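*Asks:* Sharing input09.txt, compact mmCIF, C-alpha atoms and all ligand atoms:
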# COMPACT_ATOMS: atom_id res chain seq x y z
CA MET A 799 -83.08 -8.24 -11.42
CA THR A 800 -83.44 -11.92 -10.49
CA SER A 801 -86.69 -12.81 -8.80
CA ILE A 802 -86.62 -13.01 -5.03
CA PRO A 803 -87.21 -16.47 -3.61
CA THR A 804 -90.57 -16.77 -1.94
CA SER A 805 -89.90 -19.48 0.58
CA LEU A 806 -88.13 -18.46 3.77
CA GLU A 807 -85.83 -21.51 3.59
CA LYS A 808 -84.41 -20.19 0.34
CA LEU A 809 -83.47 -17.01 2.18
CA GLY A 810 -81.60 -18.99 4.84
CA TRP A 811 -84.40 -19.46 7.39
CA SER A 812 -83.89 -22.44 9.68
CA ASN A 813 -85.23 -24.03 12.86
CA ASP A 814 -82.85 -21.99 15.06
CA PHE A 815 -84.73 -18.87 13.96
CA ALA A 816 -88.21 -20.42 13.96
CA ALA A 817 -87.67 -21.62 17.55
CA GLN A 818 -87.18 -18.02 18.69
CA ILE A 819 -90.67 -16.88 17.78
CA GLY A 820 -92.81 -16.53 20.90
CA ALA A 821 -96.52 -17.40 21.12
CA ASP A 822 -97.37 -13.67 21.17
CA GLU A 823 -95.29 -13.02 18.05
CA ARG A 824 -97.13 -15.29 15.62
CA ALA A 825 -98.76 -12.36 13.84
CA LEU A 826 -95.36 -10.85 13.04
CA VAL A 827 -93.60 -11.46 9.73
CA PRO A 828 -90.02 -12.84 9.53
CA LEU A 829 -87.84 -10.97 7.06
CA ARG A 830 -84.15 -11.10 6.20
CA LEU A 831 -82.41 -7.75 5.86
CA SER A 832 -80.95 -7.33 2.38
CA GLY A 833 -79.96 -3.68 2.79
CA VAL A 834 -79.63 -1.27 5.72
CA GLU A 835 -79.77 2.52 5.42
CA ARG A 836 -79.66 5.17 8.11
CA SER A 837 -83.42 5.43 8.62
CA ARG A 838 -84.83 2.32 6.96
CA ALA A 839 -83.96 -1.17 5.83
CA THR A 840 -85.05 -3.58 3.14
CA GLY A 841 -86.31 -6.99 4.20
CA LEU A 842 -86.86 -10.07 2.05
CA GLY A 843 -89.68 -12.41 2.97
CA GLU A 844 -92.46 -14.56 1.58
CA ALA A 845 -94.13 -11.49 0.08
CA GLY A 846 -90.94 -10.27 -1.62
CA ALA A 847 -88.96 -7.14 -0.73
CA ILE A 848 -90.41 -4.73 1.85
CA THR A 849 -89.14 -1.36 3.05
CA LEU A 850 -88.92 -1.54 6.84
CA GLN A 851 -88.93 1.21 9.46
CA PHE A 852 -86.89 1.21 12.67
CA PRO A 853 -88.73 1.55 15.98
CA PRO A 854 -87.46 4.34 18.30
CA ASP A 855 -85.39 1.90 20.37
CA LEU A 856 -83.55 0.32 17.42
CA SER A 857 -81.10 2.12 15.17
CA ALA A 858 -79.55 1.15 11.86
CA GLY A 859 -76.28 0.59 13.73
CA SER A 860 -77.73 -2.31 15.73
CA VAL A 861 -78.67 -4.42 12.72
CA ALA A 862 -76.70 -5.77 9.78
CA VAL A 863 -77.35 -7.11 6.34
CA GLY A 864 -78.17 -10.81 6.76
CA ASP A 865 -80.08 -10.30 10.01
CA TRP A 866 -83.46 -11.95 10.53
CA VAL A 867 -86.06 -9.62 12.01
CA LEU A 868 -89.71 -9.86 12.99
CA ALA A 869 -91.84 -6.99 11.66
CA GLU A 870 -95.42 -5.80 12.07
CA PRO A 871 -97.23 -6.46 8.80
CA GLU A 872 -99.43 -3.32 8.95
CA THR A 873 -96.78 -0.75 9.77
CA ALA A 874 -93.70 -2.52 8.31
CA ARG A 875 -91.97 -1.62 11.54
CA ILE A 876 -89.21 -3.89 12.86
CA CYS A 877 -90.16 -5.34 16.26
CA ARG A 878 -87.21 -7.53 17.10
CA VAL A 879 -83.91 -8.81 15.72
CA LEU A 880 -83.60 -12.58 16.08
CA ASP A 881 -80.50 -14.06 17.73
CA ARG A 882 -77.78 -14.50 15.14
CA ARG A 883 -75.96 -17.63 14.06
CA SER A 884 -72.88 -15.48 13.44
CA LEU A 885 -71.97 -11.81 13.40
CA LEU A 886 -69.04 -10.16 11.61
CA THR A 887 -67.95 -6.90 13.25
CA ARG A 888 -65.09 -4.46 13.11
CA LYS A 889 -63.88 -1.38 14.93
CA ALA A 890 -65.63 1.63 13.43
CA ALA A 891 -63.41 4.31 11.89
CA GLY A 892 -62.57 7.26 14.15
CA THR A 893 -60.97 7.77 17.52
CA GLU A 894 -63.93 6.54 19.59
CA VAL A 895 -63.82 2.77 20.21
CA ARG A 896 -67.09 1.57 18.72
CA THR A 897 -68.19 -1.74 17.20
CA GLN A 898 -69.59 -1.64 13.68
CA LEU A 899 -71.69 -4.54 12.47
CA ILE A 900 -70.66 -5.82 9.05
CA ALA A 901 -72.92 -8.79 8.28
CA ALA A 902 -75.01 -11.34 10.17
CA ASN A 903 -75.79 -15.03 9.80
CA VAL A 904 -72.92 -15.67 7.40
CA ASP A 905 -71.56 -19.22 6.98
CA THR A 906 -68.51 -18.55 4.79
CA LEU A 907 -66.46 -15.40 4.34
CA PHE A 908 -64.79 -15.16 0.94
CA ILE A 909 -61.72 -13.04 1.61
CA VAL A 910 -60.88 -11.61 -1.79
CA SER A 911 -57.47 -10.38 -2.90
CA SER A 912 -55.99 -10.01 -6.36
CA CYS A 913 -52.82 -11.77 -7.47
CA ASN A 914 -51.05 -8.41 -7.70
CA ALA A 915 -49.92 -5.50 -5.51
CA ASP A 916 -53.11 -5.86 -3.43
CA PHE A 917 -51.90 -9.20 -2.01
CA ASN A 918 -50.85 -8.53 1.57
CA PRO A 919 -50.58 -11.30 4.23
CA ALA A 920 -51.07 -8.84 7.13
CA ARG A 921 -54.37 -7.67 5.64
CA LEU A 922 -55.54 -11.19 4.84
CA GLU A 923 -54.74 -12.29 8.40
CA ARG A 924 -57.04 -9.59 9.79
CA TYR A 925 -59.94 -10.89 7.71
CA VAL A 926 -59.17 -14.47 8.73
CA ALA A 927 -59.09 -13.49 12.43
CA LEU A 928 -62.38 -11.64 11.99
CA ALA A 929 -64.03 -14.71 10.43
CA LEU A 930 -62.59 -17.19 12.95
CA ASP A 931 -63.70 -15.00 15.84
CA ALA A 932 -67.26 -15.02 14.49
CA GLY A 933 -67.24 -18.78 13.85
CA VAL A 934 -67.44 -18.16 10.09
CA ALA A 935 -65.34 -20.32 7.72
CA PRO A 936 -62.64 -18.20 6.03
CA VAL A 937 -61.91 -18.96 2.37
CA ILE A 938 -59.26 -16.93 0.55
CA VAL A 939 -60.20 -16.12 -3.04
CA LEU A 940 -57.37 -14.87 -5.23
CA THR A 941 -58.68 -13.07 -8.29
CA LYS A 942 -56.98 -11.85 -11.47
CA ALA A 943 -55.16 -15.19 -11.81
CA ASP A 944 -55.34 -14.53 -15.57
CA LEU A 945 -53.04 -11.52 -15.13
CA ALA A 946 -50.47 -13.10 -12.79
CA ALA A 947 -47.22 -14.72 -13.85
CA ASP A 948 -46.99 -17.15 -10.92
CA VAL A 949 -50.34 -18.01 -9.36
CA THR A 950 -48.98 -20.97 -7.37
CA ASP A 951 -46.72 -18.61 -5.43
CA PHE A 952 -49.73 -16.48 -4.38
CA LEU A 953 -51.68 -19.63 -3.51
CA SER A 954 -48.93 -21.04 -1.32
CA ARG A 955 -48.52 -17.69 0.47
CA ALA A 956 -52.28 -17.59 1.07
CA ARG A 957 -52.31 -21.16 2.42
CA ALA A 958 -49.38 -20.36 4.72
CA ILE A 959 -51.51 -17.77 6.55
CA SER A 960 -53.08 -20.30 8.88
CA PRO A 961 -54.07 -23.96 8.95
CA HIS A 962 -57.50 -22.64 9.89
CA VAL A 963 -58.10 -21.13 6.47
CA ALA A 964 -60.72 -23.50 5.06
CA ALA A 965 -59.32 -23.17 1.51
CA ALA A 966 -57.53 -20.86 -0.88
CA VAL A 967 -58.59 -20.71 -4.52
CA ALA A 968 -57.21 -18.72 -7.44
CA LEU A 969 -59.45 -17.75 -10.34
CA ASN A 970 -60.30 -15.28 -13.06
CA ALA A 971 -63.50 -13.67 -11.78
CA LYS A 972 -64.52 -12.84 -15.33
CA SER A 973 -64.26 -16.41 -16.62
CA PRO A 974 -67.23 -18.77 -16.83
CA GLU A 975 -65.44 -21.22 -14.51
CA ALA A 976 -65.32 -18.76 -11.59
CA VAL A 977 -68.74 -19.75 -10.21
CA ALA A 978 -67.90 -23.46 -10.20
CA ALA A 979 -64.80 -22.75 -8.10
CA LEU A 980 -66.95 -21.21 -5.33
CA GLU A 981 -70.07 -23.35 -5.66
CA GLY A 982 -69.02 -25.81 -2.96
CA TRP A 983 -69.56 -23.20 -0.26
CA CYS A 984 -72.81 -21.76 -1.53
CA GLY A 985 -75.81 -24.04 -1.65
CA PRO A 986 -79.34 -24.06 -0.29
CA GLY A 987 -79.49 -22.59 3.22
CA GLN A 988 -75.95 -21.20 3.02
CA THR A 989 -74.95 -17.54 3.18
CA VAL A 990 -71.60 -16.39 1.85
CA ALA A 991 -70.12 -12.88 1.99
CA PHE A 992 -67.38 -11.23 -0.05
CA ALA A 993 -64.89 -8.94 1.70
CA GLY A 994 -61.64 -7.33 0.63
CA SER A 995 -60.11 -4.19 -0.79
CA SER A 996 -61.75 -2.13 -3.49
CA GLY A 997 -61.28 -3.31 -7.06
CA VAL A 998 -60.40 -6.93 -6.31
CA GLY A 999 -63.49 -8.33 -8.07
CA LYS A 1000 -66.07 -8.90 -5.32
CA SER A 1001 -69.00 -7.55 -7.33
CA THR A 1002 -67.74 -9.29 -10.47
CA LEU A 1003 -68.02 -12.60 -8.57
CA VAL A 1004 -71.40 -11.69 -7.05
CA ASN A 1005 -72.69 -10.92 -10.56
CA ALA A 1006 -71.39 -14.25 -11.82
CA MET A 1007 -73.12 -16.13 -8.99
CA THR A 1008 -76.44 -14.29 -9.08
CA GLY A 1009 -76.88 -13.24 -12.71
CA LEU A 1010 -77.25 -9.63 -11.52
CA ALA A 1011 -75.53 -6.65 -13.14
CA ILE A 1012 -74.10 -4.80 -10.14
CA ALA A 1013 -71.75 -2.04 -11.27
CA THR A 1014 -68.08 -3.02 -11.44
CA GLN A 1015 -65.24 -0.75 -12.41
CA GLY A 1016 -61.72 -0.60 -13.70
CA VAL A 1017 -58.70 -0.30 -11.45
CA ARG A 1018 -55.96 2.33 -11.59
CA GLU A 1019 -53.05 0.78 -13.45
CA ASP A 1020 -50.24 2.28 -11.36
CA ASP A 1021 -51.06 0.94 -7.88
CA ALA A 1022 -53.70 -1.76 -8.52
CA LYS A 1023 -56.10 0.14 -6.23
CA GLY A 1024 -59.83 0.14 -6.88
CA ARG A 1025 -62.14 3.13 -6.63
CA HIS A 1026 -64.89 1.99 -4.26
CA THR A 1027 -67.50 1.12 -6.85
CA THR A 1028 -69.83 -0.67 -4.42
CA THR A 1029 -71.01 1.71 -1.69
CA ALA A 1030 -73.40 -0.37 0.44
CA ARG A 1031 -73.64 -3.93 1.69
CA ALA A 1032 -76.35 -5.95 0.02
CA LEU A 1033 -77.71 -9.48 0.26
CA HIS A 1034 -78.78 -11.26 -2.95
CA PRO A 1035 -80.29 -14.67 -3.68
CA VAL A 1036 -78.27 -17.15 -5.75
CA PRO A 1037 -80.56 -18.85 -8.28
CA GLY A 1038 -79.08 -22.32 -7.57
CA GLY A 1039 -79.63 -21.89 -3.80
CA GLY A 1040 -78.09 -19.84 -1.04
CA MET A 1041 -77.56 -16.14 -0.46
CA VAL A 1042 -74.59 -13.91 -1.16
CA ILE A 1043 -73.54 -10.61 0.41
CA ASP A 1044 -71.58 -8.04 -1.60
CA MET A 1045 -69.69 -5.42 0.38
CA PRO A 1046 -67.90 -2.19 -0.41
CA GLY A 1047 -64.12 -2.41 -0.41
CA MET A 1048 -62.55 -1.78 2.98
CA ARG A 1049 -59.59 0.55 3.11
CA GLU A 1050 -58.41 -0.98 6.35
CA LEU A 1051 -59.81 -3.49 8.78
CA ALA A 1052 -59.44 -2.67 12.46
CA LEU A 1053 -60.43 -5.56 14.70
CA ILE A 1054 -62.42 -5.30 17.92
CA ASP A 1055 -63.11 -8.02 20.52
CA ALA A 1056 -61.32 -10.47 18.25
CA SER A 1057 -58.79 -11.95 20.68
CA GLU A 1058 -60.18 -15.46 20.24
CA GLY A 1059 -59.97 -15.17 16.47
CA ILE A 1060 -56.39 -13.88 16.68
CA ALA A 1061 -55.46 -16.74 19.04
CA GLU A 1062 -57.01 -19.31 16.69
CA LEU A 1063 -55.34 -17.82 13.63
CA PHE A 1064 -51.93 -18.04 15.31
CA ASP A 1065 -52.55 -21.06 17.53
CA ASP A 1066 -49.22 -22.62 16.53
CA ILE A 1067 -47.38 -19.56 17.92
CA GLU A 1068 -49.63 -19.46 21.00
CA ALA A 1069 -48.79 -23.13 21.69
CA LEU A 1070 -45.07 -22.38 21.37
CA ALA A 1071 -45.35 -19.36 23.67
CA ALA A 1072 -46.89 -21.60 26.31
CA THR A 1073 -43.63 -23.59 26.42
CA CYS A 1074 -41.36 -20.58 27.16
CA ARG A 1075 -39.49 -20.85 30.47
CA PHE A 1076 -41.17 -17.74 31.90
CA ARG A 1077 -44.93 -17.44 31.86
CA ASP A 1078 -44.72 -13.70 31.18
CA CYS A 1079 -42.01 -14.11 28.52
CA ALA A 1080 -42.06 -11.09 26.18
CA HIS A 1081 -40.16 -13.09 23.53
CA GLU A 1082 -37.40 -10.52 23.47
CA ARG A 1083 -34.13 -11.61 25.08
CA GLU A 1084 -35.39 -13.89 27.85
CA PRO A 1085 -33.58 -17.19 28.36
CA GLY A 1086 -35.58 -20.29 27.49
CA CYS A 1087 -37.79 -18.42 25.00
CA ALA A 1088 -39.34 -21.05 22.72
CA ILE A 1089 -40.43 -18.41 20.20
CA ASN A 1090 -36.92 -17.03 19.68
CA ALA A 1091 -35.56 -20.58 19.48
CA ALA A 1092 -38.09 -21.40 16.73
CA VAL A 1093 -37.15 -18.26 14.76
CA ALA A 1094 -33.45 -19.13 15.13
CA ALA A 1095 -34.15 -22.70 13.98
CA GLY A 1096 -36.04 -21.40 10.97
CA THR A 1097 -39.33 -23.09 11.93
CA LEU A 1098 -41.12 -19.81 12.68
CA ASN A 1099 -41.19 -16.94 10.23
CA ALA A 1100 -40.02 -13.73 11.95
CA ALA A 1101 -42.33 -11.52 9.89
CA ARG A 1102 -45.36 -13.65 10.82
CA LEU A 1103 -44.30 -13.50 14.47
CA GLY A 1104 -44.12 -9.70 14.20
CA ARG A 1105 -47.66 -9.60 12.78
CA TRP A 1106 -48.98 -11.79 15.64
CA GLN A 1107 -47.41 -9.43 18.18
CA LYS A 1108 -48.77 -6.35 16.42
CA LEU A 1109 -52.33 -7.73 16.25
CA ARG A 1110 -52.19 -8.71 19.92
CA ARG A 1111 -50.91 -5.30 20.98
CA GLU A 1112 -53.62 -3.62 18.92
CA ASP A 1113 -56.30 -5.90 20.38
CA GLU A 1114 -55.13 -5.19 23.95
CA ALA A 1115 -55.06 -1.43 23.31
CA THR A 1116 -58.60 -1.52 21.88
CA ALA A 1117 -59.88 -3.57 24.83
CA LEU A 1118 -58.26 -1.08 27.24
CA SER A 1119 -59.78 1.96 25.52
CA LYS A 1120 -63.15 0.22 25.55
CA ALA A 1121 -62.90 -0.49 29.28
CA GLU A 1122 -61.79 3.13 29.87
CA ALA A 1123 -64.73 4.47 27.85
CA ARG A 1124 -67.10 2.26 29.88
CA ARG A 1125 -65.57 3.49 33.13
CA LYS A 1126 -65.91 7.12 32.03
CA GLY A 1127 -69.48 6.40 30.93
CA ARG A 1128 -70.28 5.02 34.39
CA THR A 1129 -68.64 7.98 36.13
CA PHE A 1130 -70.63 10.34 33.93
CA ALA A 1131 -73.86 8.45 34.65
CA ARG A 1132 -73.12 8.69 38.40
CA MET A 1133 -72.47 12.44 38.07
CA VAL A 1134 -75.79 12.94 36.27
CA LYS A 1135 -77.59 10.85 38.89
CA SER A 1136 -76.06 12.75 41.82
CA ALA A 1137 -76.74 16.11 40.11
CA LYS A 1138 -80.39 15.08 39.76
CA GLN A 1139 -80.54 14.03 43.42
CA ASP A 1140 -78.96 17.36 44.48
CA LYS A 1141 -81.57 19.20 42.44
CA THR A 1142 -84.39 17.21 44.04
CA ARG A 1143 -82.95 17.82 47.51
CA SER A 1144 -82.57 21.56 46.94
CA ARG A 1145 -86.25 21.70 45.97
CA GLU A 1146 -87.27 19.86 49.16
N1 LIG A 1201 -58.71 -9.64 -15.65
C1 LIG A 1201 -59.45 -9.69 -14.57
N2 LIG A 1201 -60.17 -8.62 -14.18
C2 LIG A 1201 -60.92 -8.71 -13.09
C3 LIG A 1201 -60.98 -9.88 -12.28
N3 LIG A 1201 -61.79 -9.65 -11.24
C4 LIG A 1201 -62.25 -8.39 -11.36
N4 LIG A 1201 -61.72 -7.81 -12.47
C5 LIG A 1201 -61.96 -6.43 -12.92
O1 LIG A 1201 -61.55 -5.59 -11.86
C6 LIG A 1201 -62.40 -4.44 -11.80
C7 LIG A 1201 -62.95 -4.27 -10.39
O2 LIG A 1201 -63.88 -5.30 -10.11
P1 LIG A 1201 -65.12 -5.11 -9.12
O3 LIG A 1201 -65.89 -6.39 -9.16
O4 LIG A 1201 -65.84 -3.86 -9.39
O5 LIG A 1201 -64.34 -4.97 -7.74
P2 LIG A 1201 -64.95 -4.82 -6.27
O6 LIG A 1201 -64.13 -5.69 -5.39
O7 LIG A 1201 -66.41 -5.09 -6.28
O8 LIG A 1201 -64.67 -3.29 -5.93
P3 LIG A 1201 -65.47 -2.30 -4.90
O9 LIG A 1201 -66.90 -2.41 -5.20
O10 LIG A 1201 -64.91 -0.96 -5.17
O11 LIG A 1201 -65.13 -2.79 -3.52
C8 LIG A 1201 -63.45 -4.64 -12.88
O12 LIG A 1201 -63.06 -3.91 -14.02
C9 LIG A 1201 -63.42 -6.13 -13.14
O13 LIG A 1201 -63.81 -6.45 -14.44
C10 LIG A 1201 -60.20 -11.01 -12.70
O14 LIG A 1201 -60.17 -12.07 -12.07
N5 LIG A 1201 -59.46 -10.85 -13.84
MG MG A 1202 -67.99 -3.95 -5.73
Give the structure from the file, written as structure tokens.
Ligand SMILES: Nc1nc2c(ncn2[C@@H]2O[C@H](COP(=O)(O)OP(=O)(O)OP(=O)(O)O)[C@@H](O)[C@H]2O)c(=O)[nH]1
Ligand SMILES: [Mg+2]

*Replies:*
Amino acid sequence: MTSIPTSLEKLGWSNDFAAQIGADERALVPLRLSGVERSRATGLGEAGAITLQFPPDLSAGSVAVGDWVLAEPETARICRVLDRRSLLTRKAAGTEVRTQLIAANVDTLFIVSSCNADFNPARLERYVALALDAGVAPVIVLTKADLAADVTDFLSRARAISPHVAAAVALNAKSPEAVAALEGWCGPGQTVAFAGSSGVGKSTLVNAMTGLAIATQGVREDDAKGRHTTTARALHPVPGGGMVIDMPGMRELALIDASEGIAELFDDIEALAATCRFRDCAHEREPGCAINAAVAAGTLNAARLGRWQKLRREDEATALSKAEARRKGRTFARMVKSAKQDKTRSRE
């Protein structure tokens, strides 16, 4: 394993974090979470890697890899999570509408896809919206360029996703040149994270950047699908400066509270929609619909329009379910409160 940097700056510490430490917190130790498990976490700090315990009022679900925390040196117990520079989240799997934290204090999200059957604009758009919503720069990384017949076609389709994609690069993750292609985004003080489906080469790239030997695995030939080799998110130092987060492959990415990211991703369509004759235009058969006119004129891709509508509908449905859950929660809390009052009264 590569040695862990000893200075906090090398781990991504900056003045924004230092400024948050109160006068009564000077005895606490700042640590950056490099791994989070159900009942404990690993923190990197000046003394190296430490196993940290959660206090009763903080669960593993409220922190993420990349977070900065303050911990008690004697007990190794986390006292407080420092305000984040950025936070990547998604809707947790399952029917309940719940936010799951993915990674914190990330500067650039490398959205990885292979130049093969894995390439899917709808999926890439979700990752881009997620990054934009969190104020993280999205960079699309197309791997397995060595196996593709026409890499430029994949690159142009990736660039067409949104003008807000910071860059799209194609590479062979196993070649010695791969690191140089990504170096521009990862330097001292920077944190980058790799996200994407299983088997696209995230860990292969993390290994190339860090000199580690994280397990990587072959892909099924028939459908280009990976097998979920990486099972937990982990933060690693890059010897030349910066930190990198490897993540398990995501089967699907459901967004939550990402309406700003979706609007930014599709801001050209949003601007067009604002010029429709009717403010509540559904872009179906209304007269004066600027969206339909653009599709008819060939300046707006109908499939991309469909994906914008789908993401917006999904986002609205999630927001509604969340509001409903909150309302039910409040009703339940009121019921409990009034039941308690009734009990007290009946004793009086
Ligand atoms: N030829 C070629 N093979 C690659 C490339 N990138 C990754 N691979 C291979 O693809 C397989 C999967 O790579 P991993 O790095 O394990 O993929 P991953 O994205 O980390 O997968 P999960 O951990 O399951 O999410 C490995 O056998 C890699 O050697 C590439 O650019 N070209
Ligand atoms: Mg992996």

*Asks:* Near Thr840 in chain A, counting all atoms listed in the file, which residues have an atom at most 9 Å away, once you skip same-chain residues fewer than 5 positions from it, shown as a list in words?

*Replies:* Leu829, Arg830, Leu831, Ser832, Gly833, Val834, Glu835, Ala847, Ile848, Thr849, Leu850 and Gln851 of chain A

*Asks:* Using only C-alpha atoms, which of the listed residues (A:Asp1113, A:Leu1118, A:Ser1001, A:Gly1009) sits closest to Thr1027 in chain A?

*Replies:*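 So, comparing all the options, the nearest one is A:Ser1001.
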
*Asks:* Smallest atom-to-atom distance to ligand MG 1202 (chain A): which of A:Ser1136, A:Thr1097, A:Thr1129, A:Thr1029, using all atoms listed in the file?

*Replies:*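 Closest to ligand MG 1202 (chain A), using all atoms listed in the file: A:Thr1029.
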
*Asks:* With a distance cut-off of 8 Å and only C-alpha atoms, select the neighbouring residues of range 806-818 of chain A, excluding the residue or stretch itself and same-chain residues fewer than 3 positions from it, and output the selection as a ChimeraX atom specification.

*Replies:* /A:803,830,842-844,866,880-881,986-989,1035,1039-1041

*Asks:* Let me have all residues with an atom within 7 Å of ligand LIG 1201 (chain A), counting all atoms listed in the file, laid out as a PyMOL selection string.

*Replies:* chain A and resi 941-945+969-972+994-1003+1013-1017+1024-1029+1045-1047

*Asks:* Separation of CA of Ala929 in chain A and CA of Ala839 in chain A, in Å?

*Replies:*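 Computing the Euclidean distance for CA of Ala929 in chain A and CA of Ala839 in chain A yields 24.5 Å.
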
*Asks:* Taking 3 positions as the minimum chain separation for residues in the same chain, which residues sit within 7 Å of Ile909 in chain A when counting all atoms listed in the file? Answer as a PyMOL selection string.

*Replies:* chain A and resi 925+936-939+992-994

*Asks:* Could you work out how far CA of Ala964 in chain A lies from CA of Arg1102 in chain A, giving the answer in Å with one decimal?

*Replies:*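 A separation of 19.1 Å between them.
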
*Asks:* At what distance in Å, to one decimal, does CA of His962 in chain A lie from CA of Asn918 in chain A?

*Replies:*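 The value is 17.7 Å.
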
*Asks:* Rank nothing, just name the residue among A:Ile1012, A:Ala979, A:Ile1067, A:Ala1100 nearest to Ser960 in chain A, using only C-alpha atoms.

*Replies:*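 Checking each of A:Ile1012, A:Ala979, A:Ile1067, A:Ala1100 against Ser960 in chain A, counting only C-alpha atoms, the winner is A:Ile1067.
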
*Asks:* Which residue is closest to ligand MG 1202 (chain A)? Choose from A:Ala1088, A:Val895, A:Ala1032, A:Val1134 and count all atoms listed in the file.

*Replies:*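 Looking at the shortest contact to ligand MG 1202 (chain A), the residue is A:Ala1032.
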
*Asks:* Here is a test: counting only C-alpha atoms, which residue of A:Leu1070, A:Glu1112, A:Asp855, A:Ala845 is nearest to Val1093 in chain A?

*Replies:*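 Once distances to Val1093 in chain A are computed over only C-alpha atoms, the minimum belongs to A:Leu1070.
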
*Asks:* Using all atoms listed in the file, which of the listed residues (A:Ala1069, A:Cys877, A:Leu868, A:Ala991) sits closest to ligand MG 1202 (chain A)?

*Replies:*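 Smallest separation from ligand MG 1202 (chain A) among the options: A:Ala991.
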
*Asks:* Which residues, written as a ChimeraX atom specification, have at least one atom at most 8 Å from Gln898 in chain A, with all atoms listed in the file counted and residues fewer than 3 positions away on the same chain left out?

*Replies:* /A:859,887-890

*Asks:* Compile the contact shell of Lys1108 in chain A as a VMD selection string: residues with an atom at most 12 Å away, counting all atoms listed in the file, same-chain residues fewer than 6 positions apart removed.

*Replies:* chain A and resid 920 923 to 924 1052 to 1053 1060 1101 to 1102 1114 to 1115

*Asks:* Some atoms are missing, so please complete range 945-958 of chain A with N, CA and C atoms and return it as a PDB file, in the frame of the given file.

*Replies:*
ATOM      1  N   LEU A 945     -54.020 -12.588 -14.907  1.00  0.00           N
ATOM      2  CA  LEU A 945     -53.040 -11.520 -15.130  1.00  0.00           C
ATOM      3  C   LEU A 945     -51.712 -11.781 -14.408  1.00  0.00           C
ATOM      4  N   ALA A 946     -51.666 -12.850 -13.609  1.00  0.00           N
ATOM      5  CA  ALA A 946     -50.470 -13.100 -12.790  1.00  0.00           C
ATOM      6  C   ALA A 946     -49.518 -14.077 -13.455  1.00  0.00           C
ATOM      7  N   ALA A 947     -48.219 -13.838 -13.244  1.00  0.00           N
ATOM      8  CA  ALA A 947     -47.220 -14.720 -13.850  1.00  0.00           C
ATOM      9  C   ALA A 947     -47.120 -16.031 -13.071  1.00  0.00           C
ATOM     10  N   ASP A 948     -47.174 -15.947 -11.726  1.00  0.00           N
ATOM     11  CA  ASP A 948     -46.990 -17.150 -10.920  1.00  0.00           C
ATOM     12  C   ASP A 948     -48.085 -17.277  -9.867  1.00  0.00           C
ATOM     13  N   VAL A 949     -49.187 -17.899 -10.256  1.00  0.00           N
ATOM     14  CA  VAL A 949     -50.340 -18.010  -9.360  1.00  0.00           C
ATOM     15  C   VAL A 949     -50.045 -18.953  -8.193  1.00  0.00           C
ATOM     16  N   THR A 950     -49.248 -20.005  -8.438  1.00  0.00           N
ATOM     17  CA  THR A 950     -48.980 -20.970  -7.370  1.00  0.00           C
ATOM     18  C   THR A 950     -48.258 -20.312  -6.195  1.00  0.00           C
ATOM     19  N   ASP A 951     -47.428 -19.314  -6.498  1.00  0.00           N
ATOM     20  CA  ASP A 951     -46.720 -18.610  -5.430  1.00  0.00           C
ATOM     21  C   ASP A 951     -47.735 -17.870  -4.540  1.00  0.00           C
ATOM     22  N   PHE A 952     -48.699 -17.178  -5.160  1.00  0.00           N
ATOM     23  CA  PHE A 952     -49.730 -16.480  -4.380  1.00  0.00           C
ATOM     24  C   PHE A 952     -50.542 -17.479  -3.564  1.00  0.00           C
ATOM     25  N   LEU A 953     -50.875 -18.615  -4.206  1.00  0.00           N
ATOM     26  CA  LEU A 953     -51.680 -19.630  -3.510  1.00  0.00           C
ATOM     27  C   LEU A 953     -50.938 -20.180  -2.296  1.00  0.00           C
ATOM     28  N   SER A 954     -49.634 -20.458  -2.464  1.00  0.00           N
ATOM     29  CA  SER A 954     -48.930 -21.040  -1.320  1.00  0.00           C
ATOM     30  C   SER A 954     -48.772 -19.998  -0.215  1.00  0.00           C
ATOM     31  N   ARG A 955     -48.605 -18.718  -0.569  1.00  0.00           N
ATOM     32  CA  ARG A 955     -48.520 -17.690   0.470  1.00  0.00           C
ATOM     33  C   ARG A 955     -49.865 -17.529   1.193  1.00  0.00           C
ATOM     34  N   ALA A 956     -50.948 -17.699   0.448  1.00  0.00           N
ATOM     35  CA  ALA A 956     -52.280 -17.590   1.070  1.00  0.00           C
ATOM     36  C   ALA A 956     -52.507 -18.775   2.008  1.00  0.00           C
ATOM     37  N   ARG A 957     -52.098 -19.964   1.577  1.00  0.00           N
ATOM     38  CA  ARG A 957     -52.310 -21.160   2.420  1.00  0.00           C
ATOM     39  C   ARG A 957     -51.448 -21.123   3.662  1.00  0.00           C
ATOM     40  N   ALA A 958     -50.297 -20.423   3.579  1.00  0.00           N
ATOM     41  CA  ALA A 958     -49.380 -20.360   4.720  1.00  0.00           C
ATOM     42  C   ALA A 958     -49.924 -19.450   5.829  1.00  0.00           C
TER      43      ALA A 958
END
